[in-house]
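A short write-up of the structure that comes next.
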Amino acid sequence: MPSSRKTIIGKSVLLTALSITALLTMLMAAMVPGKTSAQTNPTNTPAPTATTAVIQAGTGSMQLVYWNGLTGGDGTTMDKMVDAFVKDNTDISVRQEQYVWDTLYQKLQAAFVAGEPPDVIVLHNSEIPQFQKLGLFAPVDDLFDTNGGPLPLKDFTEPALDATVIGGKHYGVLLDNHGFGTWVNLNLFKSAGVDENTAPPKSPDEFIKLATKLTLDKNGKHPDEAGFDLQNVTQWGTGIDWTRVQFESFLYQFGGSVVSADLKTATINSQAGQQALQAMYDLIYKYHVAPDPNKTNGYNAFQAGTIAIMPTGTWFRNNLVDLHKEIKWTVWPMLQLGPKPGVWASAHVMFISSTLTGDKLAAAKKMVVYLSNHNDIWAQSGQVPARISVQKGLDPETYKSNILFGQGFQQFGRLEPPLTDLVEVQNAFDPELSAALNGQKTVKQALDDANARMQTILDRGQ
């Protein structure tokens with residue numbers, strides 16, 4: 001039976017959920033002195049909204065409620081996978097709800113408090129400690145062949161697989177590996193008179209020289225030429241998309257970390273942290289090859305044809321393949337501004353609610369196994385499939401970004417630290433990075449302030 005799908009704006013449901021969320025937030029703030037709101041956002045990040053896409057797939061009597069934050073191009077690919085699942089399992093239907101991530105985190109806690117949690121959830125590996133601490137997820141060891149299940153454990157990539165383990169139990173099934181890489185608009189190479197076959201820069205100096213050649217004002221002048229008009233730049237050599245993630249990538253390249261290995265001490269204001277943020281600052285204000293990310297959204301500017309070299313995520317593939325066929329593009333490994341390679345990496349993980357039992361639990365497991373076994377479809381999203389066998393079978397021309405970036409994640413990728421208060425820690429330093437990059441604070445002051453805010457959170461959790 002073909003699946004039926006429709007998009008609904010569930011106003012009454014959302015208002016109820018938001019009321020619960022607001023109440024929960026106030027209670028938590030009252031119970032924990034000094035707790036900052038999870039809604040705190042850096043100035044260049046849109047605030048979470050109450051709207052959501054509710055997509056009904058299939059007509060089976062056993063309905064699964066499935067929540068995720070796949071609101072971009074990767075969500076379109078997930079829709080295809082869910083459609084395929086209900087087509088092959090006609091007794092099951094799926095109500096998929098897609099939220100922006102910040103809203104999803106808040107709504108998920110509220111849903112469990114209200115006794116109405118989703119059945120299947122997709123989050124990141126970095127959120128496992130925080131949500132498992134609340135007892136939200138069911139262990140899934142019985143889904144792997146090491147415990148008689150259908151999924152071959154050794155076919156999943158490390159170190160993301162290990163990040164799903166707490167107390168010797170697996171609390172989710174990996175869907176992918178994802179993270180940052182470098183996207184290159186070859187059309188802008190041509191307009192700047194740069195050979196489109198130019199190899200990726202081998203050093204920070206090489207990159208700055210290339211970015212300078214690719215930056216043009218309305219008169220065709222470059223930043224290193226007299227008379228360059230900074231107020232009328234027609235194309236930028238590079239840009240900044242997701243400030244925090246780009247900073248963390250450079251932080252790793254300089255040998256730094258967000259927190260200490262024992263997770264007890266904030267270390268973002270280390271020398272490495274200052275070097276990483278200074279390198280980003282210099283792209284904007286010293287070399288004039290990148291716009292202020294607080295004023296120019298790099299993700300959109302690349303698509304508009306005004307940024308030539310853009311570090312951004314694996315998920316960007318769908319935008320180019322489906323929406324911007326006019327852009328001739330290629331990919332490079334993550335830009336390197338530090339002395340060694342390094343890149344922020346993460347993983348989407350499929351979780352099953354700890355509240356499920358009986359036939360509903362069996363249906364949820366069937367869905368998770370199905371999505372994992374059809375990991376080849378997920379490659380269309382731009383994310384790197386978690387299954388090693390699927391990665392090896394990807395066509396190198398069709399999936400060049402997945403393959404190249406995936407190699408980088410395996411060679412020098414770094415996952416977020418497994419903090420139980422990770423989202424709050426990120427909200428503590430995110431706006432400080434933006435403050436430095438828009439000139440409100442010096443690099444050192446911004447990182448010192450970030451470190452102090454982070455340490456307060458870490459001390460409270462010990």
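In the structure tokens, chains take letters A, B, ... by order of appearance, with residues numbered from 1 within each chain and ligands from 1 in the order shown.
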
Using only C-alpha atoms, what table do you get, as a tab-separated table, when you list each residue of region 154-270 of chain A with an atom no more than 9 Å from region 370-392 of chain A, its nearest pair of atoms, and their distance in Å rounded to one decimal, rows by chain then rising number?
```
residue	atom	partner	partner_atom	distance
A:Lys154	CA	A:Ile388	CA	8.4
A:Asp155	CA	A:Ile388	CA	5.2
A:Phe156	CA	A:Arg387	CA	4.8
A:Thr157	CA	A:Ala386	CA	5.8
A:Glu158	CA	A:Ala386	CA	9.0
A:Ala160	CA	A:Ala386	CA	8.6
A:Leu161	CA	A:Ala386	CA	8.7
A:Val173	CA	A:Ser372	CA	7.7
A:Leu174	CA	A:Ala386	CA	5.9
A:Leu175	CA	A:Ala386	CA	5.4
A:Asp176	CA	A:Ala386	CA	4.1
A:Asn177	CA	A:Val384	CA	5.0
A:His178	CA	A:Gln383	CA	5.4
A:Gly179	CA	A:Gln383	CA	8.2
```

Can you pull out the residues contacting region 297-304 of chain A? Cut-off 6 Å, using only C-alpha atoms, and skip same-chain residues under 6 positions away; I want them as JSON, numbers by chain. {"A": [239, 240, 241]}

Closest contacts (region 45-123 of chain A/region 315-322 of chain A, max 12 Å, only C-alpha atoms) as CSV:
```
residue,atom,partner,partner_atom,distance
A:Leu70,CA,A:Trp315,CA,9.8
A:Thr71,CA,A:Trp315,CA,10.7
A:Gly72,CA,A:Trp315,CA,7.8
A:Gly73,CA,A:Asn318,CA,5.4
A:Asp74,CA,A:Trp315,CA,6.2
A:Gly75,CA,A:Trp315,CA,9.8
A:Thr76,CA,A:Asn318,CA,8.9
A:Thr77,CA,A:Asn318,CA,8.9
```

Among the residues of region 185-434 of chain A, find those DSSP assigns to alpha helix (DSSP H) from the backbone and print them as an MDAnalysis selection string. chainID A and resid 186:191 204:214 243:253 271:285 298:303 317:318 358:373 375:378 388:392 400:412 422:434

Considering only C-alpha atoms, tabulate each residue of region 336-388 of chain A that lies at most 9 Å from region 186-210 of chain A along with its nearest interatomic pair and the corresponding distance in Å to one decimal; arrange the rows by chain and ascending residue number and present them as CSV.
```
residue,atom,partner,partner_atom,distance
A:Gln336,CA,A:Pro204,CA,6.3
A:Leu337,CA,A:Pro204,CA,4.8
A:Gly338,CA,A:Pro204,CA,7.2
A:Pro339,CA,A:Ser203,CA,8.3
```

Quick one: residues within 6 Å of Gly342 (chain A), only C-alpha atoms counted, chain neighbours fewer than 6 positions away excluded, as a list of chain:residue names? A:Ser249, A:Tyr252, A:Gln253, A:Phe412, A:Gly413

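Take the candidates A:Val349, A:Ala446, A:Val368, A:Leu458 and check each one against Glu424 (chain A) using only C-alpha atoms; the shortest distance goes to A:Leu458.
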
Can you check which residues of region 336-391 of chain A DSSP gives as strand (DSSP E or B) on the backbone and send them as a list in words? Val343, Trp344, Ala345, Ser346, His348, Val349, Met350, Phe351, Ile352, Ser353, Val384, Pro385 and Arg387 of chain A

Which polymer residues have any atom within 7 Å of an atom of Gly60 (chain A), counting only C-alpha atoms, with same-chain residues fewer than 6 positions away left out, as a count of residues only? 4

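Counting only C-alpha atoms, the residue from A:Glu248, A:Asp88, A:Asp217, A:Asp459 that sits nearest to Gln274 (chain A) is A:Glu248.
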
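Considering the residues A:Ala261, A:Ile268, A:Val122, A:Val331 and counting only C-alpha atoms, Tyr99 (chain A) has its shortest atom-to-atom contact with A:Val122.
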
What does the distance between CA of Phe85 (chain A) and CA of Lys107 (chain A) come to in Å, to one decimal place? 25.6 Å

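The smallest atom-to-atom distance between Glu97 (chain A) and any of A:Ser61, A:Gln130, A:Ser353, A:Gln56, using only C-alpha atoms, is found for A:Gln56.
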
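Of note, CA of Ile128 (chain A) and CA of Leu251 (chain A) are spaced 23.2 Å apart.
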
Residues within 12 Å of Leu404 (chain A), please, as a PyMOL selection string. Count only C-alpha atoms; anything in the same chain fewer than 5 positions from it doesn't count. chain A and resi 178-183+314+330-334+382-384+391+394-399+409-411

Counting only C-alpha atoms, what is within 10 Å of region 143-145 of chain A, bar same-chain residues fewer than 4 positions away, as a PyMOL selection string? chain A and resi 139+149-154+170+172-173+365-366+368-369
